[in-house]
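Chemist: Mind looking over this structure? Questions follow.
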Amino acid sequence: MPAPLLELSDLQKYFPVKTGSLLRRKVGWVKAVDGVDLAIFPGETLGLIGESGCGKTTTSKLILLQEAPTAGTIRFDGEDVSRLQGPDLMRYRREVQVVFQDPYSSLSPRMRIGDIIAEPLEIHTDLSREALAERVAEVLELVGLQPDLARLFPHEFSGGQRQRIAIARALATNTRLIVLDEAVSALDMSIRAQIMNQLEELQQTLGVSYLFIGHDLATVAHISDRIAVMYLGQIVELADSLELCARPLHPYTQALFTAALPAHPDERHERLAITGEVPSALNPPSGCRFHPRCPHAMPRCAVEAPVRKEAAPQHTVACHLY
Amino acid sequence: MAELLRVSGLQTHYTSFGGSRVIKAVDGVSFTLREGETIGLVGESGCGKTTTCLSVVGLLPSAARIVGGNIEFDGEELTTKRPREMRHIRGRRIAMILQDPMASLNPLFSIYLQVAEPAFYHQRVRGRSLRQRVRDLLQAVRIPSPEVRMREYPHQMSGGMRQRVVGAIAMAGGPKLIIADEPTTNLDVTIQAQYLEVLKDIQRESGVALIFVTHNLGIVAKMCDRMAVMYAGKIVEQGTVRDLFRSARHPYTQALLGSMPKLGSKEPLFAIPGQPPNLARLPSGCAFHPRCRHAMPRCVEEEPADRLVGVEWKARCWLTDQKPAKEAYAGATA
C-alpha cells in the first residue's frame, strides 16, 4: 500500500463554552472532533458522511488549518503539519484546497472569474501576467468552461457553472488534495451529475485526492472509494464504498442506509429503527455515543466506549457487537 | 376514489416593466388528484413547481397572475374566488407546508397558540376542547410530551421538531389537501426519514391528499402514488410513479432518473448537458430540445402536445408518436 497523502491521528478539537458577560466562565467543552483517525491516499476519494453537527466541517477546517487542533496530529506527506513554517507551510496551503457548498457566497461578486482563479497563483507562484492568463485558461478548460469566460463576473453564471469555477480555482495551484465540503449538495439534480462526473474525470487525469464531505449517502457512496461514517465527533465505521453499501455493520450506518431514500418505488422500505435526534456535542452520552438511540444497545455500551477495530478486511467499526 | 383537485390548462405569468416582459412560469399545466392520493411534482429549480402550488392556494406574489385555465377543488372553482373566500379555504380545506419551518413559525407565539389558530378560527373550537385538540395534533406528529412542548416557543425546538409542528398546524383545520413544498430539504437524513413516516401515518389516518413538491426523486419513490415532471413551466410527463420509474417515455424524465446516484452502484451517472433554460428566453419548439439526446429537426420547430401513452400516463414528446399507442398501452399494464 502506498504511503498516505494525508493522515489524521487521534485528532481532537474542543471548543470552550462560556457563560456570563463580564466574567467569562468556562462551563464546558463542545467536543466537535474527538479522536479522529483517517488516512487519504494519493488519487483516492475518501467520503466523510454524517448528520449536521457531527464534526464533518470541523474536521475539514482542521485539515485546512483554519482551526488549530486541541490534540492529535495531521501529517501531510509524512510531515507534521502543525510544525510547518515559511515556504513549507505555503506549499501545504498550495497543495490542499477547498470547494465549499454554496458557490453563490464562495466567489467574490466584485472579482472577474480570471482574477478569482489567478489569486492563489499570484500568492503562491511568481508567474508573469501572460503565464497567469495561460494557466487560468488551462484550468477553465479542464473544468469544461470556455477560456474567454475569464473576463466575466460570477453573477453571469449559473450555480453549476459557478461550482465549476470554484473547482477550477482549487485546481489552479497543482493541487494534490481538495476538500469538497458538501460541494454538490446545493446543485440541481442534472447539474449535480455533471459536476460529479467532472470531478471523477479530473481525478483520473490529474491524480488529485478528494475528501468528499456530504450527508447524502447515495451521492457520497457513488463518488468515494472509501467511506468514513462520523457520529458526534468520532468515526464509527470506515470501509470500502461498495463493501459498506453491501454490509453496513455499525447500527448507525445501518440506520443511515434505512433512512436513505429509495432509488426505485419497488424497493422495500424498512421502518427506521432509531428514534430521536443527534444529542448535543456539549454533553455527549457516556460510553458509546450512539447508545441512547441504538436498537441493539447493551448495558456495556453505556459504560465503555468501543474502539474502532477491523471487523472484516479493510473494514473497521467501533461497536461492541463486533 | 372521488376527484379532489383538477387543474386544467393553468397559466400563471409574471409580468414586469408594466407588462412589457412576461415570464410564463406556469404555462398550461393540467393534472388531477383524487382524495387520499399523493402526487409528486418534480423538477429542477425555476421550472414552475412552486408557482403551480401558490396558484392553487391563491398566495401568488403581486407580480404574478393566473391568466388562463381552471383550478377546481372539491367541486368549486378557485381561480375566480375573492381573497376573502380563499381565506376560508386556506387552512381549513387546503393547507401548505413550506420548506423552512423557522420562517413559517412565528417566533413570538407559543407552539400552542400557533397550532390552535386554524381550529380556533375555522372551526370555532374553544377552551378545553381546543387544548385537547392541540394535544392530539402534536401527538399525531409524534412530538414527545405534547403538554410540555406546547408551552414552548419555536426557538426551543430542533429543526425536525419544528417541521413537525408545521405539520400539526397544517392538520389543525382538518384539510382535504396538503401541499408540501420541499418540506424536508433542510432536515438531516434520519430526521427526514422520520418526518416522511409521520406524514405517511397522518395520511393513512385522515385520508388527506398530498401534493409533494420536490427535486428529490428518492422522496417521490418513497412517498408518492403518481408523479408529474415539470420542465420550463410545463408538465412534460405524468403518470404513476411505478410506470415512470420503470419505463419513462420523455427523455427528460429518463435523464433525471439516470442522473440519480444509486446506492451500491458505481455506474457513471447520466449528466444532462447544458442548464435549465431561462424562462424569459425559451428555446423554440420543445423547450427541452437543446439538451435532448433524441432531438430531431421537428423538435426545434413544433412543440409536442400532451399525448396519452398509457393508463393515466401522459407525455409531451414527439418520440411517443413512433410507438403506436396500443403498444405503449400494453407496456403500461404489463
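For the C-alpha cells, the naming scheme is as follows: chains receive sequential letters (A, B, ...) according to their order of presentation, residues are indexed from 1 within each chain, and ligands are indexed from 1 in presentation order.
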Need the shell around Gly53 in chain A: protein/DNA/RNA residues with any atom at most 9 Å away, counting only C-alpha atoms. Skip same-chain ones fewer than 6 positions apart. Format as a PyMOL selection string?

Modeler: chain A and resi 32+231-233+278+280-281

Chemist: Store the residues picked out above, limited to N, CA and C atoms, as a PDB file, in the first residue's frame.

Modeler:
```
ATOM      1  N   ALA A  32     -16.209  18.788  19.337  1.00  0.00           N
ATOM      2  CA  ALA A  32     -16.652  18.726  17.939  1.00  0.00           C
ATOM      3  C   ALA A  32     -15.978  17.583  17.197  1.00  0.00           C
ATOM      4  N   TYR A 231     -20.055  10.156  13.671  1.00  0.00           N
ATOM      5  CA  TYR A 231     -21.174  10.417  14.580  1.00  0.00           C
ATOM      6  C   TYR A 231     -20.639  11.111  15.820  1.00  0.00           C
ATOM      7  N   LEU A 232     -21.141  12.279  16.129  1.00  0.00           N
ATOM      8  CA  LEU A 232     -20.738  13.046  17.295  1.00  0.00           C
ATOM      9  C   LEU A 232     -19.224  13.109  17.491  1.00  0.00           C
ATOM     10  N   GLY A 233     -18.517  13.520  16.444  1.00  0.00           N
ATOM     11  CA  GLY A 233     -17.091  13.757  16.583  1.00  0.00           C
ATOM     12  C   GLY A 233     -16.204  12.547  16.430  1.00  0.00           C
ATOM     13  N   VAL A 278     -29.731  13.665  16.988  1.00  0.00           N
ATOM     14  CA  VAL A 278     -28.344  13.635  17.433  1.00  0.00           C
ATOM     15  C   VAL A 278     -28.230  14.437  18.733  1.00  0.00           C
ATOM     16  N   SER A 280     -26.594  16.645  21.837  1.00  0.00           N
ATOM     17  CA  SER A 280     -25.687  17.773  21.784  1.00  0.00           C
ATOM     18  C   SER A 280     -24.253  17.310  22.043  1.00  0.00           C
ATOM     19  N   ALA A 281     -23.317  17.891  21.295  1.00  0.00           N
ATOM     20  CA  ALA A 281     -21.913  17.540  21.482  1.00  0.00           C
ATOM     21  C   ALA A 281     -21.365  18.152  22.766  1.00  0.00           C
TER      22      ALA A 281
END
```

Chemist: Pull out every residue of chain A sitting within 9 Å of chain B, counting only C-alpha atoms, and send them as a VMD selection string.

Modeler: chain A and resid 50 to 52 158 160 188 to 197 215 to 219 221 to 223 241 to 246 255 to 267 269 271 to 272 274 to 277

Chemist: What gap, in Å, lies between CA of Leu46 in chain A and CA of Ala183 in chain A?

Modeler: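 Answer for the CA of Leu46 in chain A to CA of Ala183 in chain A separation: 13.8 Å.
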
Chemist: Using only C-alpha atoms, which residues sit within 12 Å of Leu59 in chain B once same-chain residues fewer than 5 positions away are excluded, as a PDB file with N, CA and C atoms, in the first residue's frame?

Modeler:
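out-v9.pdb, written as the output of this step:
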```pdb
ATOM      1  N   THR B  50     -43.244  25.551  -7.667  1.00  0.00           N
ATOM      2  CA  THR B  50     -43.772  26.337  -6.557  1.00  0.00           C
ATOM      3  C   THR B  50     -44.871  27.274  -7.030  1.00  0.00           C
ATOM      4  N   THR B  51     -44.693  27.886  -8.203  1.00  0.00           N
ATOM      5  CA  THR B  51     -45.716  28.789  -8.715  1.00  0.00           C
ATOM      6  C   THR B  51     -47.034  28.044  -8.925  1.00  0.00           C
ATOM      7  N   THR B  52     -46.951  26.800  -9.401  1.00  0.00           N
ATOM      8  CA  THR B  52     -48.165  25.999  -9.560  1.00  0.00           C
ATOM      9  C   THR B  52     -48.887  25.874  -8.221  1.00  0.00           C
ATOM     10  N   CYS B  53     -48.127  25.558  -7.169  1.00  0.00           N
ATOM     11  CA  CYS B  53     -48.751  25.365  -5.853  1.00  0.00           C
ATOM     12  C   CYS B  53     -49.318  26.662  -5.314  1.00  0.00           C
ATOM     13  N   LEU B  54     -48.560  27.751  -5.480  1.00  0.00           N
ATOM     14  CA  LEU B  54     -49.050  29.029  -4.974  1.00  0.00           C
ATOM     15  C   LEU B  54     -50.318  29.448  -5.710  1.00  0.00           C
ATOM     16  N   ALA B  64     -47.412  38.187 -10.097  1.00  0.00           N
ATOM     17  CA  ALA B  64     -47.888  37.009 -10.830  1.00  0.00           C
ATOM     18  C   ALA B  64     -49.394  37.051 -10.975  1.00  0.00           C
ATOM     19  N   ARG B  65     -49.886  36.495 -12.063  1.00  0.00           N
ATOM     20  CA  ARG B  65     -51.318  36.479 -12.290  1.00  0.00           C
ATOM     21  C   ARG B  65     -51.690  35.210 -13.036  1.00  0.00           C
ATOM     22  N   ILE B  66     -52.809  34.630 -12.606  1.00  0.00           N
ATOM     23  CA  ILE B  66     -53.323  33.483 -13.346  1.00  0.00           C
ATOM     24  C   ILE B  66     -54.003  34.037 -14.584  1.00  0.00           C
ATOM     25  N   LEU B  78     -61.550  27.691  -8.013  1.00  0.00           N
ATOM     26  CA  LEU B  78     -60.757  28.545  -7.123  1.00  0.00           C
ATOM     27  C   LEU B  78     -60.245  29.813  -7.796  1.00  0.00           C
ATOM     28  N   THR B  79     -60.089  29.782  -9.149  1.00  0.00           N
ATOM     29  CA  THR B  79     -59.450  30.933  -9.797  1.00  0.00           C
ATOM     30  C   THR B  79     -60.308  32.189  -9.716  1.00  0.00           C
ATOM     31  N   ARG B  82     -62.680  35.307  -4.471  1.00  0.00           N
ATOM     32  CA  ARG B  82     -62.094  36.528  -3.960  1.00  0.00           C
ATOM     33  C   ARG B  82     -61.153  36.177  -2.798  1.00  0.00           C
ATOM     34  N   PRO B  83     -60.192  37.064  -2.481  1.00  0.00           N
ATOM     35  CA  PRO B  83     -59.231  36.765  -1.408  1.00  0.00           C
ATOM     36  C   PRO B  83     -59.920  36.341  -0.112  1.00  0.00           C
ATOM     37  N   MET B  86     -61.014  32.825  -0.345  1.00  0.00           N
ATOM     38  CA  MET B  86     -59.852  31.938  -0.306  1.00  0.00           C
ATOM     39  C   MET B  86     -59.369  31.742   1.119  1.00  0.00           C
ATOM     40  N   ARG B  87     -59.510  32.793   1.929  1.00  0.00           N
ATOM     41  CA  ARG B  87     -59.046  32.712   3.311  1.00  0.00           C
ATOM     42  C   ARG B  87     -59.800  31.649   4.093  1.00  0.00           C
ATOM     43  N   ILE B  89     -60.854  28.934   2.730  1.00  0.00           N
ATOM     44  CA  ILE B  89     -60.445  27.627   2.209  1.00  0.00           C
ATOM     45  C   ILE B  89     -59.055  27.275   2.712  1.00  0.00           C
ATOM     46  N   ARG B  90     -58.162  28.273   2.679  1.00  0.00           N
ATOM     47  CA  ARG B  90     -56.798  28.041   3.150  1.00  0.00           C
ATOM     48  C   ARG B  90     -56.802  27.783   4.642  1.00  0.00           C
ATOM     49  N   ILE B  94     -57.459  23.471   2.474  1.00  0.00           N
ATOM     50  CA  ILE B  94     -56.150  23.266   1.849  1.00  0.00           C
ATOM     51  C   ILE B  94     -55.103  23.837   2.802  1.00  0.00           C
ATOM     52  N   ALA B  95     -54.084  23.059   3.128  1.00  0.00           N
ATOM     53  CA  ALA B  95     -53.022  23.575   3.978  1.00  0.00           C
ATOM     54  C   ALA B  95     -51.713  23.467   3.231  1.00  0.00           C
ATOM     55  N   MET B  96     -50.750  24.232   3.686  1.00  0.00           N
ATOM     56  CA  MET B  96     -49.470  24.218   2.993  1.00  0.00           C
ATOM     57  C   MET B  96     -48.340  24.064   3.992  1.00  0.00           C
TER      58      MET B  96
END
```

Chemist: What's the 12 Å shell around range 17-29 of chain A, counting only C-alpha atoms, without same-chain residues fewer than 2 positions away, as a list in words?

Modeler: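 Returned residues: Gln12, Lys13, Tyr14, Phe15, Lys31, Ala32, Val33, Asp34, Thr70, Ser280, Ala281, Leu282, Asn283 and Pro284 of chain A.
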
Chemist: Could you dump the residues just selected with N, CA and C atoms as a PDB file, in the first residue's frame?

Modeler:
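This went into selection_19.pdb:
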```pdb
ATOM      1  N   GLN A  12      -8.261  15.890  17.741  1.00  0.00           N
ATOM      2  CA  GLN A  12      -9.317  16.391  18.618  1.00  0.00           C
ATOM      3  C   GLN A  12      -9.456  17.891  18.451  1.00  0.00           C
ATOM      4  N   LYS A  13     -10.682  18.351  18.501  1.00  0.00           N
ATOM      5  CA  LYS A  13     -10.913  19.786  18.569  1.00  0.00           C
ATOM      6  C   LYS A  13     -12.045  20.030  19.549  1.00  0.00           C
ATOM      7  N   TYR A  14     -11.722  20.694  20.651  1.00  0.00           N
ATOM      8  CA  TYR A  14     -12.733  21.041  21.644  1.00  0.00           C
ATOM      9  C   TYR A  14     -12.932  22.553  21.608  1.00  0.00           C
ATOM     10  N   PHE A  15     -14.182  22.967  21.605  1.00  0.00           N
ATOM     11  CA  PHE A  15     -14.467  24.397  21.694  1.00  0.00           C
ATOM     12  C   PHE A  15     -14.966  24.707  23.094  1.00  0.00           C
ATOM     13  N   LYS A  31     -17.163  18.924  22.242  1.00  0.00           N
ATOM     14  CA  LYS A  31     -16.157  18.054  21.629  1.00  0.00           C
ATOM     15  C   LYS A  31     -16.548  17.812  20.177  1.00  0.00           C
ATOM     16  N   ALA A  32     -16.209  18.788  19.337  1.00  0.00           N
ATOM     17  CA  ALA A  32     -16.652  18.726  17.939  1.00  0.00           C
ATOM     18  C   ALA A  32     -15.978  17.583  17.197  1.00  0.00           C
ATOM     19  N   VAL A  33     -14.692  17.444  17.421  1.00  0.00           N
ATOM     20  CA  VAL A  33     -13.949  16.327  16.832  1.00  0.00           C
ATOM     21  C   VAL A  33     -13.232  15.661  17.983  1.00  0.00           C
ATOM     22  N   ASP A  34     -13.439  14.365  18.152  1.00  0.00           N
ATOM     23  CA  ASP A  34     -12.931  13.717  19.357  1.00  0.00           C
ATOM     24  C   ASP A  34     -12.253  12.394  19.012  1.00  0.00           C
ATOM     25  N   THR A  70      -6.942  20.657  19.175  1.00  0.00           N
ATOM     26  CA  THR A  70      -6.691  20.613  20.614  1.00  0.00           C
ATOM     27  C   THR A  70      -5.626  19.563  20.907  1.00  0.00           C
ATOM     28  N   SER A 280     -26.594  16.645  21.837  1.00  0.00           N
ATOM     29  CA  SER A 280     -25.687  17.773  21.784  1.00  0.00           C
ATOM     30  C   SER A 280     -24.253  17.310  22.043  1.00  0.00           C
ATOM     31  N   ALA A 281     -23.317  17.891  21.295  1.00  0.00           N
ATOM     32  CA  ALA A 281     -21.913  17.540  21.482  1.00  0.00           C
ATOM     33  C   ALA A 281     -21.365  18.152  22.766  1.00  0.00           C
ATOM     34  N   LEU A 282     -22.178  18.991  23.408  1.00  0.00           N
ATOM     35  CA  LEU A 282     -21.738  19.597  24.666  1.00  0.00           C
ATOM     36  C   LEU A 282     -21.698  18.548  25.774  1.00  0.00           C
ATOM     37  N   ASN A 283     -22.709  17.708  25.830  1.00  0.00           N
ATOM     38  CA  ASN A 283     -22.730  16.629  26.807  1.00  0.00           C
ATOM     39  C   ASN A 283     -22.955  15.312  26.090  1.00  0.00           C
ATOM     40  N   PRO A 284     -21.934  14.819  25.398  1.00  0.00           N
ATOM     41  CA  PRO A 284     -22.170  13.581  24.660  1.00  0.00           C
ATOM     42  C   PRO A 284     -22.455  12.438  25.622  1.00  0.00           C
TER      43      PRO A 284
END
```

Chemist: Leaving out Ile113 in chain A and any residue of its chain fewer than 5 positions from it, which residues lie within 6 Å of it when counting only C-alpha atoms, given as a list in words?

Modeler: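 With the cut-off at 6 Å, the set is Ala150, Leu152 and Phe153 of chain A.
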
Chemist: Keeping N, CA and C atoms for every residue in the selection just given, could you write it to a file as a compact mmCIF listing (two decimals), in the first residue's frame?

Modeler:
```txt
# COMPACT_ATOMS: atom_id res chain seq x y z
N ALA A 150 -13.17 34.14 -18.72
CA ALA A 150 -12.38 34.69 -17.62
C ALA A 150 -12.67 36.17 -17.38
N LEU A 152 -15.58 37.57 -17.32
CA LEU A 152 -16.91 37.81 -16.76
C LEU A 152 -16.90 37.79 -15.23
N PHE A 153 -18.01 38.23 -14.66
CA PHE A 153 -18.18 38.23 -13.21
C PHE A 153 -19.05 37.05 -12.79
```

Chemist: Extract the full set of alpha helix (DSSP H) residues from range 47-104 of chain A according to DSSP on the backbone, and format it as a PyMOL selection string.

Modeler: chain A and resi 56-63+86-95+103-104

Chemist: To one decimal place in Å, what is the distance between CA of Arg316 in chain B and CA of Leu4 in chain B?

Modeler: 24.4 Å

Chemist: Which one is closest to Thr15 in chain B: B:Thr38, B:Thr32, B:Ala280, B:Tyr195? Count only C-alpha atoms.

Modeler: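 Smallest distance to Thr15 in chain B is found for B:Ala280.
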
Chemist: Just give me the gap between CA of Ala172 in chain A and CA of Gln66 in chain A in Å, one decimal is fine.

Modeler: 20.4 Å

Chemist: Under the rule that only C-alpha atoms are counted, which of A:Glu200, A:Glu119, A:Glu134, A:Asp77 is the nearest residue to Val96 in chain A?

Modeler: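 Ranking A:Glu200, A:Glu119, A:Glu134, A:Asp77 by distance to Val96 in chain A, first place goes to A:Asp77.
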
Chemist: Would you list the contacts of Pro248 in chain A as a PyMOL selection string, taking every protein, DNA or RNA residue within 9 Å and counting only C-alpha atoms, but skipping same-chain residues closer than 6 positions in sequence?

Modeler: chain A and resi 237+239+254+257

Chemist: I'd like the neighbourhood of Arg307 in chain B as a ChimeraX atom specification, where a residue qualifies if any of its atoms comes within 10 Å (using only C-alpha atoms), though same-chain residues fewer than 5 positions away should be ignored.

Modeler: /B:236-237,313-318,320-321,325

Chemist: Would you mind telling me which residue in A:Ser286, A:Gln203, A:Ser185, A:Gln234 lies nearest to Arg308 in chain A when using only C-alpha atoms?

Modeler: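 Selected residue with least distance to Arg308 in chain A: A:Gln234.
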
Chemist: Looking only at strand (DSSP E or B) from DSSP on the backbone, list the matching residues of range 9-137 of chain B as a ChimeraX atom specification.

Modeler: /B:9-16,21-34,38-42,64-73,76-77,90,94-97

Chemist: Can you work out which one of B:Ile71, B:Pro146, B:Leu308, B:Met171 has the shortest atom-to-atom distance to Gly207 in chain B, counting only C-alpha atoms?

Modeler: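 Closest to Gly207 in chain B of all the choices is B:Met171.
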